[in-house]
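Have a look at my_file.pdb below; it lists PDB, C-alpha atoms.
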MODEL        1
ATOM      1  CA  VAL A  12       0.000   0.000   0.000
ATOM      2  CA  GLU A  13       2.781   2.451   0.856
ATOM      3  CA  LEU A  14       4.674   1.669  -2.347
ATOM      4  CA  GLY A  15       1.459   2.249  -4.264
ATOM      5  CA  LYS A  16       1.186   5.817  -2.969
ATOM      6  CA  ASN A  17       4.373   6.736  -4.837
ATOM      7  CA  PRO A  18       3.543   8.289  -8.266
ATOM      8  CA  GLY A  19       6.727   6.648  -9.521
ATOM      9  CA  LEU A  20       9.681   7.234 -11.836
ATOM     10  CA  GLY A  21      11.311   9.935  -9.714
ATOM     11  CA  VAL A  22       8.332  12.260  -9.344
ATOM     12  CA  ARG A  23       8.879  12.541  -5.595
ATOM     13  CA  LYS A  24      12.455  13.744  -6.194
ATOM     14  CA  LEU A  25      10.951  16.622  -8.148
ATOM     15  CA  HIS A  26       8.654  17.349  -5.195
ATOM     16  CA  GLU A  27      11.721  17.543  -2.945
ATOM     17  CA  GLN A  28      13.069  20.262  -5.260
ATOM     18  CA  GLY A  29       9.875  22.292  -4.799
ATOM     19  CA  ILE A  30       8.407  21.252  -8.145
ATOM     20  CA  THR A  31       4.914  20.347  -6.936
ATOM     21  CA  GLY A  32       2.559  22.148  -9.319
ATOM     22  CA  LYS A  33       1.988  24.854  -6.714
ATOM     23  CA  HIS A  34      -0.684  27.357  -7.779
ATOM     24  CA  VAL A  35      -1.162  25.644 -11.157
ATOM     25  CA  GLY A  36      -4.842  24.985 -11.833
ATOM     26  CA  VAL A  37      -5.828  21.409 -12.717
ATOM     27  CA  GLY A  38      -9.395  20.815 -13.885
ATOM     28  CA  ILE A  39     -11.024  17.391 -13.810
ATOM     29  CA  ILE A  40     -14.331  16.287 -15.300
ATOM     30  CA  ASP A  41     -15.477  12.982 -13.864
ATOM     31  CA  GLN A  42     -18.164  11.431 -11.662
ATOM     32  CA  ALA A  43     -19.415  12.507  -8.216
ATOM     33  CA  LEU A  44     -16.542  13.435  -5.910
ATOM     34  CA  LEU A  45     -16.040  12.962  -2.179
ATOM     35  CA  ALA A  46     -15.012  16.600  -1.794
ATOM     36  CA  GLY A  47     -13.740  16.235   1.759
ATOM     37  CA  HIS A  48     -11.061  13.601   1.222
ATOM     38  CA  ALA A  49      -7.766  14.434   2.942
ATOM     39  CA  GLU A  50      -5.801  13.917  -0.277
ATOM     40  CA  TYR A  51      -7.158  17.052  -1.967
ATOM     41  CA  ALA A  52      -9.764  18.829   0.206
ATOM     42  CA  ASP A  53      -7.454  21.697   1.184
ATOM     43  CA  ARG A  54      -6.739  22.542  -2.473
ATOM     44  CA  LEU A  55     -10.185  21.906  -3.956
ATOM     45  CA  ARG A  56     -10.956  25.411  -5.205
ATOM     46  CA  LEU A  57     -14.271  24.508  -6.799
ATOM     47  CA  TYR A  58     -16.602  21.543  -6.980
ATOM     48  CA  GLU A  59     -19.750  21.694  -9.087
ATOM     49  CA  GLU A  60     -22.145  19.003 -10.260
ATOM     50  CA  MET A  61     -24.036  18.973 -13.543
ATOM     51  CA  ASP A  62     -26.103  16.336 -15.319
ATOM     52  CA  LEU A  63     -25.360  13.994 -12.433
ATOM     53  CA  THR A  64     -27.366  10.819 -11.857
ATOM     54  CA  GLY A  65     -26.995   9.354  -8.372
ATOM     55  CA  ALA A  66     -25.707  11.086  -5.270
ATOM     56  CA  ALA A  67     -23.062   8.642  -4.045
ATOM     57  CA  ALA A  68     -19.412   9.631  -4.274
ATOM     58  CA  SER A  69     -17.645   7.624  -6.958
ATOM     59  CA  MET A  70     -14.535   5.467  -6.683
ATOM     60  CA  HIS A  71     -13.488   6.721 -10.114
ATOM     61  CA  ALA A  72     -13.693  10.405  -9.170
ATOM     62  CA  SER A  73     -11.695  10.114  -5.957
ATOM     63  CA  ALA A  74      -9.086   8.046  -7.775
ATOM     64  CA  VAL A  75      -8.443  10.473 -10.631
ATOM     65  CA  ALA A  76      -8.405  13.473  -8.274
ATOM     66  CA  SER A  77      -5.782  11.819  -6.077
ATOM     67  CA  ILE A  78      -3.642  10.677  -9.029
ATOM     68  CA  ALA A  79      -3.442  14.196 -10.436
ATOM     69  CA  ALA A  80      -3.271  16.295  -7.285
ATOM     70  CA  GLY A  81      -3.321  14.104  -4.189
ATOM     71  CA  LYS A  82      -1.298  15.370  -1.234
ATOM     72  CA  THR A  83       0.539  12.075  -0.712
ATOM     73  CA  VAL A  84      -0.211  10.042  -3.847
ATOM     74  CA  GLY A  85      -0.496  12.717  -6.548
ATOM     75  CA  VAL A  86       1.869  13.834  -9.275
ATOM     76  CA  ALA A  87       1.139  17.528  -8.544
ATOM     77  CA  PRO A  88       0.458  17.602  -4.769
ATOM     78  CA  GLU A  89       0.212  21.387  -4.461
ATOM     79  CA  ALA A  90      -1.863  22.117  -7.556
ATOM     80  CA  ASP A  91      -5.202  23.940  -7.333
ATOM     81  CA  LEU A  92      -8.037  21.528  -8.118
ATOM     82  CA  TYR A  93     -11.229  22.438  -9.990
ATOM     83  CA  PHE A  94     -13.657  19.544 -10.324
ATOM     84  CA  ILE A  95     -16.872  19.094 -12.294
ATOM     85  CA  GLY A  96     -18.901  16.038 -11.274
ATOM     86  CA  GLN A  97     -21.193  14.680 -13.980
ATOM     87  CA  THR A  98     -22.508  11.509 -15.579
ATOM     88  CA  SER A  99     -21.630  10.772 -19.194
ATOM     89  CA  GLU A 100     -22.680   7.155 -19.657
ATOM     90  CA  SER A 101     -25.848   6.371 -21.541
ATOM     91  CA  ARG A 102     -27.315   3.129 -22.832
ATOM     92  CA  ALA A 103     -28.742   2.854 -26.300
ATOM     93  CA  ALA A 104     -32.037   1.077 -27.015
ATOM     94  CA  ASP A 105     -30.140  -1.950 -28.329
ATOM     95  CA  GLY A 106     -28.351  -2.334 -24.989
ATOM     96  CA  VAL A 107     -24.945  -1.166 -26.251
ATOM     97  CA  SER A 108     -23.157   1.166 -23.857
ATOM     98  CA  GLY A 109     -21.936   4.512 -25.080
ATOM     99  CA  PHE A 110     -21.172   7.919 -23.699
ATOM    100  CA  ASP A 111     -23.005  11.191 -24.015
ATOM    101  CA  LEU A 112     -20.291  13.813 -24.382
ATOM    102  CA  THR A 113     -22.715  16.734 -24.153
ATOM    103  CA  SER A 114     -22.164  17.142 -20.427
ATOM    104  CA  VAL A 115     -18.408  16.813 -20.908
ATOM    105  CA  ALA A 116     -18.570  19.710 -23.347
ATOM    106  CA  ARG A 117     -20.550  21.744 -20.820
ATOM    107  CA  GLY A 118     -18.014  20.919 -18.131
ATOM    108  CA  ILE A 119     -15.047  21.992 -20.243
ATOM    109  CA  ASN A 120     -16.746  25.262 -21.186
ATOM    110  CA  ARG A 121     -17.608  25.872 -17.529
ATOM    111  CA  LEU A 122     -13.968  25.458 -16.524
ATOM    112  CA  VAL A 123     -12.921  27.854 -19.280
ATOM    113  CA  GLU A 124     -15.460  30.368 -17.944
ATOM    114  CA  ILE A 125     -14.117  29.973 -14.412
ATOM    115  CA  ASN A 126     -10.572  30.327 -15.689
ATOM    116  CA  ARG A 127     -11.324  33.774 -17.082
ATOM    117  CA  GLN A 128     -12.061  34.949 -13.537
ATOM    118  CA  LEU A 129      -8.813  33.633 -12.057
ATOM    119  CA  PRO A 130      -5.794  35.886 -11.499
ATOM    120  CA  LYS A 131      -2.627  35.581 -13.544
ATOM    121  CA  GLY A 132      -0.388  32.958 -12.013
ATOM    122  CA  ARG A 133      -3.324  30.874 -10.720
ATOM    123  CA  LYS A 134      -4.910  29.877 -14.030
ATOM    124  CA  ILE A 135      -6.258  26.457 -14.963
ATOM    125  CA  ARG A 136      -3.648  25.043 -17.339
ATOM    126  CA  VAL A 137      -4.871  21.495 -17.895
ATOM    127  CA  ILE A 138      -8.159  19.571 -17.830
ATOM    128  CA  SER A 139      -8.221  15.807 -17.275
ATOM    129  CA  VAL A 140     -11.088  13.849 -18.857
ATOM    130  CA  SER A 141     -10.745  10.086 -18.492
ATOM    131  CA  LEU A 142     -12.843   9.318 -21.544
ATOM    132  CA  ALA A 143     -12.181   8.773 -25.204
ATOM    133  CA  MET A 144     -14.001  11.222 -27.456
ATOM    134  CA  LEU A 145     -15.295   9.088 -30.293
ATOM    135  CA  LYS A 146     -17.160  10.519 -33.267
ATOM    136  CA  GLN A 147     -19.950   7.950 -32.978
ATOM    137  CA  TRP A 148     -20.883   9.083 -29.464
ATOM    138  CA  LYS A 149     -23.604  11.600 -28.765
ATOM    139  CA  GLY A 150     -22.327  15.136 -28.231
ATOM    140  CA  TYR A 151     -19.008  14.603 -30.012
ATOM    141  CA  ASP A 152     -19.230  17.812 -32.041
ATOM    142  CA  GLN A 153     -20.000  19.881 -28.933
ATOM    143  CA  ALA A 154     -17.115  18.245 -27.065
ATOM    144  CA  ALA A 155     -14.683  18.892 -29.912
ATOM    145  CA  LEU A 156     -15.670  22.572 -29.959
ATOM    146  CA  ALA A 157     -15.267  22.760 -26.185
ATOM    147  CA  VAL A 158     -11.770  21.282 -26.411
ATOM    148  CA  GLN A 159     -10.911  23.860 -29.070
ATOM    149  CA  ASN A 160     -12.263  26.587 -26.779
ATOM    150  CA  ALA A 161     -10.040  25.368 -23.953
ATOM    151  CA  TRP A 162      -6.956  25.248 -26.161
ATOM    152  CA  GLN A 163      -7.605  28.778 -27.374
ATOM    153  CA  ASN A 164      -7.616  29.843 -23.732
ATOM    154  CA  GLY A 165      -4.308  28.182 -22.920
ATOM    155  CA  ILE A 166      -5.699  24.976 -21.403
ATOM    156  CA  PHE A 167      -4.436  21.523 -22.380
ATOM    157  CA  VAL A 168      -7.300  18.980 -22.441
ATOM    158  CA  VAL A 169      -5.998  15.454 -21.839
ATOM    159  CA  THR A 170      -8.275  12.580 -22.872
ATOM    160  CA  VAL A 171      -8.053   8.878 -23.619
ATOM    161  CA  GLU A 172      -6.989   7.835 -27.134
ATOM    162  CA  ASP A 173      -6.080  11.288 -28.432
ATOM    163  CA  LYS A 174      -4.186  10.583 -31.658
ATOM    164  CA  ARG A 175      -2.125  13.753 -31.233
ATOM    165  CA  PHE A 176      -0.911  12.696 -27.795
ATOM    166  CA  LYS A 177      -0.677   8.921 -27.693
ATOM    167  CA  MET A 178      -0.073   7.316 -24.322
ATOM    168  CA  ASP A 179      -0.515   4.016 -22.565
ATOM    169  CA  GLY A 180      -0.279   2.606 -19.050
ATOM    170  CA  LEU A 181       2.499   0.638 -17.401
ATOM    171  CA  GLY A 182       2.242  -2.447 -15.250
ATOM    172  CA  ARG A 183       4.268  -2.990 -12.063
ATOM    173  CA  PRO A 184       4.450  -5.904  -9.609
ATOM    174  CA  PRO A 185       3.017  -4.617  -6.292
ATOM    175  CA  LEU A 186       6.304  -4.962  -4.368
ATOM    176  CA  ALA A 187       8.594  -3.601  -7.111
ATOM    177  CA  ASP A 188      10.230  -0.187  -6.684
ATOM    178  CA  PRO A 189       7.993   2.467  -8.332
ATOM    179  CA  ASP A 190      11.030   4.710  -8.947
ATOM    180  CA  ASP A 191      13.005   2.070 -10.847
ATOM    181  CA  LYS A 192      12.146   2.001 -14.527
ATOM    182  CA  ALA A 193      13.172  -1.665 -14.629
ATOM    183  CA  SER A 194      10.170  -2.443 -12.397
ATOM    184  CA  PHE A 195       7.729  -1.668 -15.183
ATOM    185  CA  THR A 196       6.129  -3.835 -17.827
ATOM    186  CA  GLY A 197       3.278  -3.478 -20.247
ATOM    187  CA  GLY A 198      -0.026  -2.912 -18.471
ATOM    188  CA  ILE A 199      -1.942  -5.892 -17.134
ATOM    189  CA  MET A 200      -5.210  -5.008 -18.875
ATOM    190  CA  PHE A 201      -6.856  -2.404 -21.121
ATOM    191  CA  CYS A 202      -3.623  -1.539 -22.905
ATOM    192  CA  ALA A 203      -1.941  -1.952 -26.263
ATOM    193  CA  ASN A 204       1.552  -2.480 -24.844
ATOM    194  CA  GLU A 205       1.386  -6.097 -23.680
ATOM    195  CA  LEU A 206       4.044  -6.908 -26.297
ATOM    196  CA  GLY A 207       5.921  -3.608 -26.145
ATOM    197  CA  SER A 208       5.272  -0.266 -27.806
ATOM    198  CA  GLY A 209       6.551   2.082 -30.477
ATOM    199  CA  LYS A 210       8.368   5.395 -30.398
ATOM    200  CA  ASP A 211       5.261   7.556 -30.736
ATOM    201  CA  VAL A 212       3.446   6.366 -27.578
ATOM    202  CA  LEU A 213       4.349   7.758 -24.162
ATOM    203  CA  GLN A 214       4.200   5.150 -21.383
ATOM    204  CA  VAL A 215       3.208   6.266 -17.861
ATOM    205  CA  PRO A 216       2.572   4.440 -14.544
ATOM    206  CA  MET A 217      -0.870   2.865 -14.198
ATOM    207  CA  ASP A 218      -1.030  -0.409 -12.267
ATOM    208  CA  SER A 219      -0.323  -1.050  -8.558
ATOM    209  CA  ARG A 220      -1.465   2.343  -7.273
ATOM    210  CA  THR A 221      -2.894   3.308  -3.888
ATOM    211  CA  LEU A 222      -5.676   5.858  -4.348
ATOM    212  CA  ALA A 223      -8.182   7.927  -2.401
ATOM    213  CA  ASP A 224     -11.291   5.916  -1.559
ATOM    214  CA  PRO A 225     -14.743   7.570  -1.428
ATOM    215  CA  GLY A 226     -15.725   5.609   1.678
ATOM    216  CA  GLY A 227     -14.285   8.233   4.015
ATOM    217  CA  ALA A 228     -12.027  11.274   4.246
ATOM    218  CA  GLY A 229      -9.026   9.203   5.295
ATOM    219  CA  ASP A 230      -9.720   6.014   3.350
ATOM    220  CA  TYR A 231      -7.528   4.508   0.634
ATOM    221  CA  TYR A 232      -7.578   1.408  -1.524
ATOM    222  CA  PHE A 233      -4.951  -0.454  -3.515
ATOM    223  CA  SER A 234      -5.602  -0.804  -7.247
ATOM    224  CA  PRO A 235      -3.461  -3.672  -8.624
ATOM    225  CA  ILE A 236      -4.957  -3.372 -12.100
ATOM    226  CA  GLY A 237      -5.544   0.062 -13.552
ATOM    227  CA  GLY A 238      -6.895   1.327 -16.837
ATOM    228  CA  GLN A 239      -6.346   4.219 -19.185
ATOM    229  CA  SER A 240      -8.502   6.315 -16.855
ATOM    230  CA  TRP A 241      -5.512   6.381 -14.494
ATOM    231  CA  THR A 242      -3.022   7.545 -17.152
ATOM    232  CA  VAL A 243      -4.909  10.742 -18.024
ATOM    233  CA  PRO A 244      -4.743  12.432 -14.579
ATOM    234  CA  TRP A 245      -1.134  11.245 -14.216
ATOM    235  CA  ILE A 246      -0.193  13.151 -17.366
ATOM    236  CA  ALA A 247      -2.293  16.141 -16.276
ATOM    237  CA  GLY A 248      -0.334  16.267 -13.025
ATOM    238  CA  LEU A 249       2.979  16.075 -14.860
ATOM    239  CA  TYR A 250       1.897  18.903 -17.151
ATOM    240  CA  ALA A 251       1.138  20.981 -14.038
ATOM    241  CA  LEU A 252       4.729  20.431 -12.869
ATOM    242  CA  ALA A 253       5.971  21.553 -16.277
ATOM    243  CA  CYS A 254       3.781  24.660 -16.131
ATOM    244  CA  GLN A 255       5.265  25.602 -12.768
ATOM    245  CA  VAL A 256       8.773  25.388 -14.228
ATOM    246  CA  TYR A 257       7.919  27.036 -17.564
ATOM    247  CA  PRO A 258       4.634  29.000 -17.473
ATOM    248  CA  ASP A 259       4.711  29.571 -21.244
ATOM    249  CA  ILE A 260       4.895  25.893 -22.122
ATOM    250  CA  THR A 261       2.479  24.500 -24.691
ATOM    251  CA  PRO A 262       1.107  20.956 -25.021
ATOM    252  CA  GLU A 263       3.188  20.441 -28.166
ATOM    253  CA  ILE A 264       6.440  21.453 -26.471
ATOM    254  CA  PHE A 265       5.601  19.342 -23.447
ATOM    255  CA  TRP A 266       4.780  16.252 -25.479
ATOM    256  CA  SER A 267       7.738  16.410 -27.848
ATOM    257  CA  THR A 268      10.062  16.959 -24.875
ATOM    258  CA  ALA A 269       8.475  14.078 -22.960
ATOM    259  CA  LEU A 270       9.019  11.724 -25.895
ATOM    260  CA  GLY A 271      12.532  13.063 -26.444
ATOM    261  CA  THR A 272      13.577  12.441 -22.852
ATOM    262  CA  ALA A 273      11.821   9.080 -22.395
ATOM    263  CA  ASP A 274      13.629   5.769 -21.818
ATOM    264  CA  PRO A 275      13.410   2.386 -23.519
ATOM    265  CA  VAL A 276      12.540  -0.378 -21.048
ATOM    266  CA  MET A 277      12.686  -4.114 -21.747
ATOM    267  CA  PHE A 278      10.474  -6.621 -19.959
ATOM    268  CA  LYS A 279       9.678 -10.322 -20.151
ATOM    269  CA  ARG A 280       6.241 -11.870 -20.455
ATOM    270  CA  ASN A 281       5.165 -15.435 -21.257
ATOM    271  CA  GLY A 282       8.636 -16.418 -22.390
ATOM    272  CA  GLY A 283       9.132 -13.427 -24.684
ATOM    273  CA  THR A 284      11.193 -10.238 -24.298
ATOM    274  CA  TYR A 285       9.593  -6.961 -25.318
ATOM    275  CA  THR A 286      10.533  -3.280 -25.356
ATOM    276  CA  LEU A 287       8.603  -0.223 -24.286
ATOM    277  CA  GLN A 288      10.334   2.408 -26.394
ATOM    278  CA  LYS A 289       9.164   5.541 -24.571
ATOM    279  CA  VAL A 290       8.747   5.233 -20.799
ATOM    280  CA  VAL A 291       8.357   8.729 -19.377
ATOM    281  CA  ASN A 292      11.329  10.117 -17.437
ATOM    282  CA  PRO A 293       9.944  13.003 -15.338
ATOM    283  CA  THR A 294      13.333  14.087 -13.954
ATOM    284  CA  ARG A 295      14.935  14.369 -17.372
ATOM    285  CA  LEU A 296      11.783  15.947 -18.813
ATOM    286  CA  ILE A 297      11.696  18.735 -16.229
ATOM    287  CA  ALA A 298      15.462  19.280 -16.543
ATOM    288  CA  GLN A 299      15.064  19.756 -20.298
ATOM    289  CA  ILE A 300      12.136  22.135 -19.811
ATOM    290  CA  LYS A 301      14.283  24.150 -17.395
ATOM    291  CA  LYS A 302      16.891  24.452 -20.138
ATOM    292  CA  ILE A 303      14.236  25.807 -22.491
ATOM    293  CA  THR A 304      13.202  28.324 -19.833
ATOM    294  CA  ASP A 305      16.800  29.424 -19.253
ATOM    295  CA  THR A 306      17.300  29.897 -22.986
ATOM    296  CA  LYS A 307      14.191  32.101 -23.179
ATOM    297  CA  LYS A 308      15.492  34.267 -20.321
ATOM    298  CA  ARG A 309      18.941  34.900 -21.839
ATOM    299  CA  PRO A 310      19.438  38.432 -23.185
ATOM    300  CA  LEU A 311      19.957  38.754 -26.910
TER
ENDMDL
END
Could you quickly redo this structure as structure tokens?
Amino acid sequence: VELGKNPGLGVRKLHEQGITGKHVGVGIIDQALLAGHAEYADRLRLYEEMDLTGAAASMHASAVASIAAGKTVGVAPEADLYFIGQTSESRAADGVSGFDLTSVARGINRLVEINRQLPKGRKIRVISVSLAMLKQWKGYDQAALAVQNAWQNGIFVVTVEDKRFKMDGLGRPPLADPDDKASFTGGIMFCANELGSGKDVLQVPMDSRTLADPGGAGDYYFSPIGGQSWTVPWIAGLYALACQVYPDITPEIFWSTALGTADPVMFKRNGGTYTLQKVVNPTRLIAQIKKITDTKKRPL
């Protein structure tokens, strides 16, 4: 459980250097949140609910909030958190599950509206949405316009299966060192990296995480098997760290630098040896972003 609280791959070393995402706004759109959990309650700047069915706090919501900005388990433990609780799932008449992205679009636009009221230096810089935005789903066009609106206002919207920013989740045996890249493998489930991955997909920690539990303000649970829902807030938290170091960073600069500083990692599975070409290296990533910042500050 204690190992699972570590975001992994050297992130805590960055925290020791004061790189914690302090005063960087992180927006999340997910299910109903237990707003009073100790992991994030003191930095929850706003919690609103819209289009929400059911009143119970969700496991999913507490998990993604703690991954992005949890005090002890999060990638950006001092970020400002803005959370929209809503329900996106719908069920078609033929019984096939899908998602209604209309409320996601409303949530993104609401966060953009809130962002306009925030002072310089405390802006929302990233929004985490642990959903894929597929064209066949209801509300896709509205969601795409909302994402464009956010980008035009300086906010990176991170989602599942974005072809511009490809990522996948890493597996890790529960007792393996989360800071050692050699501990990681392809994800256990819900991933495309079981047999390795290419050079255009960023790999981030996913499995064997300890997360905030909605059962109570001090409750946690261990998640041995994650999903892509866990990778999105992890990246959002890392982007918050990058924004603290370089306030003028863009998603494109961040992503190209993340891929450029990533490590290849080999692992064995079922008798075969496979390679994850681009396992994120947060320490090297932030060091490179610092170099970019220093270059920008040099007099001509």
Selection result of the PyMOL selection byres ((chain A and resi 55-58) around 12) on this file, as a ChimeraX atom specification: /A:34-54,59-61,72,76-77,80-82,88-97,118,121-122,125-126,129,133-135
Can you spell out as a PyMOL selection string the set of residues that the PyMOL selection byres ((chain A and resi 234-250) around 6) selects in the structure I just provided? chain A and resi 75+78-79+86-87+139+141+180+201+217-221+233+251-253
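Evaluated against the shown file, the PyMOL selection byres ((chain A and resi 296) around 9) gives Ala253, Phe265, Thr268, Ala269, Leu270, Gly271, Thr272, Ala273, Val291, Asn292, Pro293, Thr294, Arg295, Ile297, Ala298, Gln299, Ile300 and Lys301 of chain A.
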Restricting the calculation to only C-alpha atoms, which member of A:Glu205, A:Glu124, A:Asp259, A:Asp152 is positioned closest to A:Leu112? A:Asp152
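When all atoms listed in the file are used to compute distances to A:Leu222, the closest of the residues A:Gly65, A:Gly207, A:Gly85, A:Gly32 turns out to be A:Gly85.
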Restricting to all atoms listed in the file, whichever of A:Thr31, A:Gln288, A:Gln153, A:Thr64 is closest to A:Val212 is A:Gln288
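Of note, atom CA of A:Val137 and atom CA of A:Val168 are spaced 5.7 Å apart.
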Find the residues near A:Leu213: any atom within 7 Å, counting all atoms listed in the file, skip ones fewer than 6 places away on the same chain, and give them as a JSON list (two decimals) with C-alpha atoms, in the frame of the given file.
[["chain", "number", "residue", "atom", "x", "y", "z"],
["A", 177, "LYS", "CA", -0.68, 8.92, -27.69],
["A", 178, "MET", "CA", -0.07, 7.32, -24.32],
["A", 179, "ASP", "CA", -0.52, 4.02, -22.56],
["A", 270, "LEU", "CA", 9.02, 11.72, -25.90],
["A", 289, "LYS", "CA", 9.16, 5.54, -24.57],
["A", 290, "VAL", "CA", 8.75, 5.23, -20.80],
["A", 291, "VAL", "CA", 8.36, 8.73, -19.38]]
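You will find atom CA of A:Arg280 at 8.5 Å from atom CA of A:Thr196.
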Between atom CA of A:Leu14 and atom CA of A:Leu287, what is the spacing in Å? 22.4 Å
List the neighbours of stretch 160-166 of chain A out to 7 Å using all atoms listed in the file; skip same-chain residues closer than 3 positions along the sequence, and give me the result as number ranges by chain. A: 123, 135-138, 156-157
Nearest to A:Gly283 among A:Asp111, A:Gly226, A:Leu206, A:Pro216, with distances taken over all atoms listed in the file: which residue is it? A:Leu206
Output as JSON the centre and edge lengths (Å, one decimal) of the box along x, y and z of the file that holds every listed atom of stretch 69-80 of chain A after adding 4 Å on each side.
{"center_x": -10.5, "center_y": 10.9, "center_z": -8.3, "size_x": 22.4, "size_y": 18.8, "size_z": 12.7}
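Distances from A:Thr286, A:Gln159, A:Gln28, A:Gln214 to A:Trp266 were compared using only C-alpha atoms, and the smallest one belongs to A:Gln214.
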Distance query 6 Å from (9.8, 25.6, -19.6) using only C-alpha atoms, result as number ranges by chain: A: 256-257, 260, 300-301, 303-304
Which one is closest to A:Lys146: A:Gly197, A:Phe110, A:Ala223, A:Pro262? Count all atoms listed in the file. A:Phe110
